[in-house]
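This is upload39.txt (compact mmCIF, C-alpha atoms and all ligand atoms).
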```txt
# COMPACT_ATOMS: atom_id res chain seq x y z
CA MET A 1 138.79 61.05 143.90
CA SER A 2 141.88 63.23 143.67
CA LYS A 3 144.31 62.79 140.79
CA LEU A 4 147.20 62.77 143.23
CA ASN A 5 147.21 62.43 146.97
CA CYS A 6 150.25 62.56 149.23
CA GLU A 7 150.08 61.93 152.94
CA ASN A 8 152.74 62.85 155.43
CA ILE A 9 155.68 62.19 153.14
CA THR A 10 159.24 62.54 154.37
CA LYS A 11 162.56 62.18 152.65
CA ILE A 12 165.83 61.69 154.44
CA TYR A 13 168.98 61.61 152.33
CA GLY A 14 171.75 59.75 154.09
CA ASP A 15 175.20 58.50 153.17
CA LYS A 16 175.96 54.76 153.21
CA TYR A 17 177.07 54.83 156.82
CA ASP A 18 174.32 57.24 157.90
CA GLN A 19 176.94 59.67 159.13
CA VAL A 20 175.33 62.63 157.44
CA ASN A 21 171.55 62.85 157.12
CA THR A 22 169.54 65.58 155.47
CA LYS A 23 165.82 65.74 156.17
CA ALA A 24 164.79 67.24 152.84
CA LEU A 25 161.03 66.78 153.38
CA ASN A 26 159.32 66.69 156.72
CA GLY A 27 155.67 65.58 156.65
CA ILE A 28 154.07 66.96 153.50
CA SER A 29 150.41 66.30 152.65
CA PHE A 30 148.22 67.70 149.89
CA GLN A 31 145.96 66.74 146.98
CA VAL A 32 145.96 67.59 143.30
CA GLU A 33 142.56 67.55 141.58
CA GLU A 34 141.88 66.91 137.90
CA GLY A 35 142.58 69.98 135.75
CA GLU A 36 144.55 71.85 138.40
CA PHE A 37 147.68 73.81 137.46
CA ILE A 38 149.82 74.10 140.59
CA ALA A 39 153.21 75.75 141.00
CA ILE A 40 155.50 74.80 143.87
CA MET A 41 157.75 77.60 145.07
CA GLY A 42 160.24 77.97 147.90
CA PRO A 43 163.80 79.08 148.60
CA SER A 44 166.73 77.22 147.13
CA GLY A 45 167.25 73.96 149.04
CA SER A 46 163.71 73.95 150.51
CA GLY A 47 162.92 70.55 148.94
CA LYS A 48 161.04 71.46 145.74
CA THR A 49 162.89 69.09 143.42
CA THR A 50 162.85 66.35 146.06
CA LEU A 51 159.07 66.70 146.36
CA LEU A 52 158.53 66.54 142.60
CA ASN A 53 160.85 63.52 142.29
CA LEU A 54 158.92 61.62 144.97
CA LEU A 55 155.48 62.47 143.59
CA SER A 56 156.50 61.42 140.08
CA GLY A 57 158.19 58.18 141.17
CA ILE A 58 161.71 59.26 140.16
CA ASP A 59 162.82 58.70 143.77
CA LYS A 60 161.31 56.89 146.77
CA ALA A 61 159.95 58.58 149.90
CA SER A 62 161.43 57.58 153.27
CA SER A 63 157.91 57.40 154.69
CA GLY A 64 154.35 58.41 153.82
CA LYS A 65 151.93 57.46 151.09
CA ILE A 66 151.61 58.73 147.51
CA THR A 67 148.68 57.72 145.29
CA ILE A 68 148.04 58.72 141.70
CA ASN A 69 144.63 57.76 140.27
CA ASN A 70 144.11 55.79 143.49
CA LYS A 71 147.19 53.64 142.82
CA ASN A 72 149.83 53.59 145.54
CA ILE A 73 153.09 54.29 143.73
CA SER A 74 155.15 53.51 146.83
CA GLU A 75 154.01 49.87 146.60
CA MET A 76 154.81 49.34 142.92
CA SER A 77 157.73 47.21 141.80
CA LYS A 78 160.45 48.87 139.76
CA ASN A 79 158.98 47.55 136.50
CA GLU A 80 155.40 48.43 137.39
CA LEU A 81 156.50 51.93 138.27
CA ALA A 82 158.49 52.34 135.04
CA LEU A 83 155.46 51.30 132.99
CA PHE A 84 153.10 53.47 135.04
CA ARG A 85 155.34 56.51 134.58
CA ARG A 86 155.61 55.93 130.85
CA GLU A 87 151.86 55.49 130.37
CA GLU A 88 150.38 57.88 132.92
CA LEU A 89 152.86 60.68 133.57
CA GLY A 90 154.44 63.43 131.48
CA PHE A 91 157.74 65.14 132.28
CA VAL A 92 159.30 68.48 131.38
CA PHE A 93 162.77 69.29 132.71
CA GLN A 94 164.97 72.36 132.73
CA ASP A 95 167.29 70.96 130.07
CA TYR A 96 164.80 69.71 127.44
CA ASN A 97 166.34 66.19 127.09
CA LEU A 98 165.57 65.81 123.38
CA LEU A 99 167.23 63.04 121.36
CA ASP A 100 169.77 64.67 119.04
CA ASN A 101 169.60 62.14 116.21
CA LEU A 102 165.81 62.28 115.83
CA THR A 103 163.91 65.05 114.05
CA LEU A 104 161.68 67.19 116.24
CA SER A 105 158.47 65.45 115.17
CA GLU A 106 160.13 62.07 115.81
CA ASN A 107 161.08 63.33 119.28
CA ILE A 108 157.48 64.31 119.98
CA ILE A 109 156.02 60.92 119.05
CA VAL A 110 158.47 58.78 121.08
CA PRO A 111 155.87 58.07 123.83
CA LEU A 112 153.30 56.92 121.24
CA VAL A 113 155.79 54.68 119.44
CA LEU A 114 156.65 53.07 122.80
CA GLU A 115 152.94 52.44 123.34
CA LYS A 116 152.66 50.89 119.85
CA LYS A 117 149.92 53.25 118.65
CA THR A 118 148.82 52.99 115.00
CA PRO A 119 150.41 55.34 112.44
CA GLU A 120 147.00 57.02 111.92
CA GLU A 121 146.60 57.73 115.62
CA ILE A 122 150.21 58.96 115.89
CA ASP A 123 149.69 61.32 112.94
CA SER A 124 146.46 62.81 114.19
CA ARG A 125 147.84 63.42 117.71
CA LEU A 126 151.06 64.88 116.31
CA ILE A 127 149.15 67.35 114.13
CA ARG A 128 146.98 68.35 117.09
CA VAL A 129 149.89 69.20 119.42
CA MET A 130 151.90 70.87 116.67
CA GLU A 131 148.97 73.15 115.90
CA LEU A 132 148.30 73.83 119.56
CA PHE A 133 151.86 74.92 120.29
CA GLY A 134 152.61 76.55 116.91
CA ILE A 135 155.53 74.25 116.09
CA TYR A 136 154.45 72.94 112.70
CA GLU A 137 157.32 74.55 110.82
CA LEU A 138 159.89 72.89 113.12
CA SER A 139 158.87 69.30 112.50
CA ARG A 140 161.64 68.25 110.09
CA LYS A 141 164.45 70.05 111.90
CA TYR A 142 166.80 68.57 114.49
CA PRO A 143 167.25 69.76 118.10
CA TYR A 144 170.62 71.41 117.36
CA ASN A 145 169.02 73.57 114.64
CA ILE A 146 166.59 75.38 116.96
CA SER A 147 166.67 77.70 119.99
CA GLY A 148 166.27 76.68 123.62
CA GLY A 149 162.75 78.10 123.76
CA GLU A 150 161.76 76.09 120.69
CA GLN A 151 163.37 72.94 122.14
CA GLN A 152 161.33 73.36 125.29
CA ARG A 153 158.12 73.70 123.27
CA ILE A 154 158.98 70.39 121.59
CA ALA A 155 159.64 68.83 125.01
CA ILE A 156 156.22 70.03 126.20
CA ALA A 157 154.54 68.58 123.12
CA ARG A 158 156.29 65.27 123.83
CA ALA A 159 155.17 65.36 127.48
CA VAL A 160 151.52 65.84 126.59
CA ILE A 161 151.13 63.70 123.47
CA ASN A 162 150.08 60.50 125.24
CA GLU A 163 147.51 62.42 127.30
CA PRO A 164 149.12 61.74 130.68
CA SER A 165 147.15 61.95 133.92
CA ILE A 166 149.61 64.48 135.34
CA ILE A 167 152.43 66.54 133.87
CA PHE A 168 155.39 67.20 136.16
CA ALA A 169 157.74 70.07 135.33
CA ASP A 170 160.89 71.05 137.22
CA GLU A 171 162.06 74.61 136.48
CA PRO A 172 160.85 74.42 132.84
CA THR A 173 161.94 78.03 132.21
CA GLY A 174 165.20 77.74 134.17
CA ASN A 175 167.43 78.03 131.08
CA LEU A 176 165.36 80.58 129.17
CA ASP A 177 165.29 84.37 128.88
CA SER A 178 162.15 86.26 129.86
CA LYS A 179 160.58 86.33 126.37
CA ASN A 180 161.01 82.59 125.83
CA SER A 181 159.86 81.90 129.39
CA LYS A 182 156.60 83.71 128.68
CA ASN A 183 156.07 81.66 125.51
CA ILE A 184 156.66 78.46 127.43
CA MET A 185 154.26 79.48 130.18
CA LYS A 186 151.63 80.26 127.56
CA CYS A 187 152.07 76.69 126.30
CA PHE A 188 151.47 75.39 129.84
CA SER A 189 148.32 77.54 130.12
CA LYS A 190 147.04 76.25 126.78
CA MET A 191 147.71 72.68 127.81
CA ASN A 192 145.81 73.27 131.06
CA GLU A 193 142.90 75.16 129.50
CA GLU A 194 142.46 73.46 126.14
CA LEU A 195 143.52 69.89 126.93
CA ASN A 196 142.45 70.02 130.60
CA SER A 197 145.92 68.73 131.57
CA THR A 198 146.71 68.49 135.27
CA ILE A 199 150.07 70.18 135.91
CA LEU A 200 152.45 70.27 138.85
CA MET A 201 155.36 72.63 138.20
CA VAL A 202 158.34 73.60 140.37
CA THR A 203 159.72 77.07 139.73
CA HIS A 204 161.62 79.79 141.53
CA ASP A 205 160.47 82.35 138.94
CA PRO A 206 157.50 84.46 140.15
CA ILE A 207 156.47 85.36 136.59
CA ALA A 208 156.38 81.71 135.52
CA ALA A 209 154.43 80.84 138.68
CA SER A 210 151.87 83.57 137.96
CA TYR A 211 150.52 81.45 135.07
CA ALA A 212 149.49 78.71 137.51
CA LYS A 213 146.06 78.63 139.14
CA LYS A 214 147.43 77.86 142.59
CA ILE A 215 150.81 78.11 144.29
CA ILE A 216 152.07 75.99 147.16
CA PHE A 217 155.01 77.45 149.08
CA ILE A 218 157.40 75.19 150.90
CA LYS A 219 160.11 76.05 153.37
CA ASP A 220 162.56 73.76 155.16
CA GLY A 221 160.80 70.70 153.76
CA LYS A 222 157.35 71.68 155.06
CA LEU A 223 154.27 73.28 153.53
CA HIS A 224 154.28 76.97 154.40
CA SER A 225 151.26 78.51 152.68
CA GLU A 226 149.23 78.51 149.48
CA ILE A 227 147.57 81.13 147.30
CA ILE A 228 144.93 80.92 144.56
CA ASN A 229 144.92 82.82 141.26
CA LYS A 230 141.59 84.65 141.05
CA GLY A 231 142.02 85.47 137.36
CA ASN A 232 144.06 88.68 137.32
CA ARG A 233 147.67 87.71 136.67
CA ARG A 234 149.10 91.11 137.77
CA GLU A 235 147.35 90.90 141.15
CA PHE A 236 148.44 87.30 141.49
CA LEU A 237 152.04 88.28 140.78
CA ASN A 238 151.84 90.86 143.59
CA SER A 239 150.56 88.22 146.03
CA ILE A 240 153.42 85.94 144.96
CA PHE A 241 156.01 88.65 145.71
CA ASN A 242 154.40 89.25 149.11
CA CYS A 243 154.51 85.54 149.95
CA LEU A 244 158.14 85.27 148.88
CA VAL A 245 159.10 88.19 151.11
CA VAL A 246 157.37 86.49 154.05
CA LEU A 247 159.03 83.21 153.12
CA GLY A 248 162.48 84.80 153.07
CA GLY A 249 165.53 82.65 152.54
CA GLU A 250 168.37 82.53 150.10
CA GLY A 251 167.61 83.57 146.56
CA TYR A 252 164.65 85.82 147.38
CA ASP A 253 166.04 89.18 148.38
CA PHE A 254 163.59 91.78 147.17
N1 LIG B 1 170.70 63.31 146.21
C1 LIG B 1 170.85 64.02 147.33
N2 LIG B 1 171.64 63.58 148.35
C2 LIG B 1 171.77 64.27 149.49
N3 LIG B 1 171.13 65.43 149.74
C3 LIG B 1 170.33 65.93 148.80
C4 LIG B 1 170.14 65.26 147.54
N4 LIG B 1 169.28 65.97 146.78
C5 LIG B 1 168.94 67.05 147.51
N5 LIG B 1 169.57 67.03 148.73
C6 LIG B 1 169.40 68.02 149.81
O1 LIG B 1 168.03 68.10 150.14
C7 LIG B 1 167.62 69.44 150.35
C8 LIG B 1 166.52 69.82 149.36
O2 LIG B 1 167.07 69.84 148.05
P1 LIG B 1 166.19 70.08 146.73
O3 LIG B 1 164.98 69.24 146.79
O4 LIG B 1 167.08 69.93 145.57
O5 LIG B 1 165.78 71.61 146.91
P2 LIG B 1 165.25 72.70 145.86
O6 LIG B 1 164.85 72.00 144.62
O7 LIG B 1 164.11 73.38 146.57
O8 LIG B 1 166.38 73.65 145.65
C9 LIG B 1 168.90 70.28 150.24
O9 LIG B 1 169.43 70.45 151.53
C10 LIG B 1 169.78 69.42 149.37
O10 LIG B 1 171.16 69.69 149.65
MG MG B 2 165.42 72.21 142.55
```
Show me, as structure tokens, the structure contained in the file I just sent.
Ligand SMILES: Nc1ncnc2c1ncn2[C@@H]1O[C@H](COP(=O)(O)OP(=O)(O)O)[C@@H](O)[C@H]1O
Ligand SMILES: [Mg+2]
Amino acid sequence: MSKLNCENITKIYGDKYDQVNTKALNGISFQVEEGEFIAIMGPSGSGKTTLLNLLSGIDKASSGKITINNKNISEMSKNELALFRREELGFVFQDYNLLDNLTLSENIIVPLVLEKKTPEEIDSRLIRVMELFGIYELSRKYPYNISGGEQQRIAIARAVINEPSIIFADEPTGNLDSKNSKNIMKCFSKMNEELNSTILMVTHDPIAASYAKKIIFIKDGKLHSEIINKGNRREFLNSIFNCLVVLGGEGYDF
């Protein structure tokens, strides 16, 4: 059984009067297996964010079927979906979304507090993720006291702390310089390799994508091609550049 399965999904954005319609996704199907780390790439406006939003239940598909752990998310009520997302999915966004009036360790444990875990369980999981991501020394600080790269590491720790079935990330390095981006991507690799997290990440950054094990390219709302990382990140990066040249489009002029 795949972790996630999407079949022939489409998304049409329309205005109230259906005067202007945009077909953002046009018949996309693929599977995500347990432990995969997939990057989704494509030119600006190709539908990457739309795809991630549909797969993670942030927005509804116009047609098609999406199942996660064999549960059809398109058929869930609003409340069921909200609970499912809280319990089963993890999210990392471009702009961190930390709560300013909580310390960093309080930010990380929010998902566990919502699930009413015991203080012992919360403590042991917190220590584990803080060690894994090297953020121990940050725990008593507040979001406004630390850098963007550090904030994103906290956001990643928060996304993974309740051991979600899938972690969705939309341009997680979008606001970071190259050094911080690399640190963040190393955190994603650790999460994938040491916690066996399943990750689906949208990025337009070839270097960030080169940390994934597989890349799916989309163009004009359709799947275009995919490539697999055979273990050598330099070689993989070269293949990514080649694919982006073939893909063409705005934002990829090499
Ligand atoms: N909320 C929206 N309403 C109308 N059109 C949208 C909306 N969100 C995205 N679009 C359109 O859908 C297409 C795909 O957008 P998006 O998924 O954001 O692309 P990407 O993330 O690859 O840049 C674009 O043409 C965009 O203008
Ligand atoms: Mg986007």
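Considering only C-alpha atoms and all ligand atoms, the residue among A:Thr49, A:Asn8, A:Ser147, A:Gln19 positioned nearest to ligand MG 2 (chain B) is A:Thr49.
Using all atoms listed in the file, the nearest neighbour of A:Lys214 within the list A:Ala157, A:Leu51, A:Ile240, A:Met1 is A:Ile240.
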- [ ] Determine the nearest neighbour of A:Asn53 from the options A:Lys182, A:Lys11, A:His224, A:Lys219, counting all atoms listed in the file.
- [x] A:Lys11
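When atom CA of A:Ser63 is paired with atom O5 of ligand LIG 1 (chain B), their separation reads 18.0 Å.
Each of A:Asn183, A:Gln31, A:Ser56, A:Ser210 was compared to A:Phe133 using all atoms listed in the file, and A:Asn183 turns out to be the nearest.
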Protein and nucleic acid residues near (150.1, 70.0, 137.0) (cut-off 12 Å, all atoms listed in the file) as a short mmCIF file (atom, residue, chain, number, x, y, z; two decimals) with C-alpha atoms, in the frame of the given file:
```cif
data_model
loop_
_atom_site.label_atom_id
_atom_site.label_comp_id
_atom_site.auth_asym_id
_atom_site.auth_seq_id
_atom_site.Cartn_x
_atom_site.Cartn_y
_atom_site.Cartn_z
CA LYS A 3 144.31 62.79 140.79
CA LEU A 4 147.20 62.77 143.23
CA GLN A 31 145.96 66.74 146.98
CA VAL A 32 145.96 67.59 143.30
CA GLU A 33 142.56 67.55 141.58
CA GLU A 34 141.88 66.91 137.90
CA GLY A 35 142.58 69.98 135.75
CA GLU A 36 144.55 71.85 138.40
CA PHE A 37 147.68 73.81 137.46
CA ILE A 38 149.82 74.10 140.59
CA ALA A 39 153.21 75.75 141.00
CA ILE A 40 155.50 74.80 143.87
CA LEU A 52 158.53 66.54 142.60
CA LEU A 55 155.48 62.47 143.59
CA SER A 56 156.50 61.42 140.08
CA LEU A 89 152.86 60.68 133.57
CA GLY A 90 154.44 63.43 131.48
CA PHE A 91 157.74 65.14 132.28
CA VAL A 92 159.30 68.48 131.38
CA ALA A 159 155.17 65.36 127.48
CA VAL A 160 151.52 65.84 126.59
CA PRO A 164 149.12 61.74 130.68
CA SER A 165 147.15 61.95 133.92
CA ILE A 166 149.61 64.48 135.34
CA ILE A 167 152.43 66.54 133.87
CA PHE A 168 155.39 67.20 136.16
CA ALA A 169 157.74 70.07 135.33
CA ASP A 170 160.89 71.05 137.22
CA PHE A 188 151.47 75.39 129.84
CA SER A 189 148.32 77.54 130.12
CA MET A 191 147.71 72.68 127.81
CA ASN A 192 145.81 73.27 131.06
CA GLU A 193 142.90 75.16 129.50
CA ASN A 196 142.45 70.02 130.60
CA SER A 197 145.92 68.73 131.57
CA THR A 198 146.71 68.49 135.27
CA ILE A 199 150.07 70.18 135.91
CA LEU A 200 152.45 70.27 138.85
CA MET A 201 155.36 72.63 138.20
CA VAL A 202 158.34 73.60 140.37
CA ALA A 209 154.43 80.84 138.68
CA TYR A 211 150.52 81.45 135.07
CA ALA A 212 149.49 78.71 137.51
CA LYS A 213 146.06 78.63 139.14
CA LYS A 214 147.43 77.86 142.59
CA ILE A 215 150.81 78.11 144.29
CA ILE A 216 152.07 75.99 147.16
#
```
Open item on the list: Just want the residues within 10 Å of ligand LIG 1 (chain B), written as a ChimeraX atom specification, counting only C-alpha atoms and all ligand atoms.
Closed with: /A:11-15,20-25,40-54,59,170-171,202-204,218-221
Open item on the list: Between atom CA of A:Gly27 and atom CA of A:Glu7, what is the distance in Å, rounded to a tenth?
Closed with: 7.6 Å
- [ ] Counting all atoms listed in the file, figure out which residue out of A:Lys222, A:Arg128, A:Arg153, A:Lys116 gets nearest to A:Glu87.
- [x] A:Lys116
Need the axis-aligned box for stretch 155-167 of chain A with 3 Å each side, so what are the centre and edges in Å to one decimal, as AutoDock Vina command-line options?
```
--center_x 153.4 --center_y 65.3 --center_z 129.2 --size_x 18.5 --size_y 15.5 --size_z 18.2
```
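The shortest atom-to-atom distance to ligand MG 2 (chain B), with only C-alpha atoms and all ligand atoms taken into account, belongs to A:Gly174 out of A:Glu226, A:Ile9, A:Gly174, A:Phe84.
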Task: Non-local contacts of A:Asp177 (12 Å; only C-alpha atoms; under 6 positions in same chain excluded) as a PyMOL selection string - done: chain A and resi 147-149+183-184+205+207-208
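Atom MG of ligand MG 2 (chain B) to atom CA of A:Cys243 spans 18.7 Å [interatomic distance, one decimal].
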Task: Spatial sel., origin (153.4, 71.8, 117.9), limit 10 Å, only C-alpha atoms, listed as a PyMOL selection string - done: chain A and resi 104-105+108+126-139+150+153-158+187
Open item on the list: Set the distance at 8 Å and use only C-alpha atoms: which residues neighbour A:Asn175 once local chain neighbours fewer than 3 positions away are removed? I'd like the list as a count of residues only.
Closed with: 4
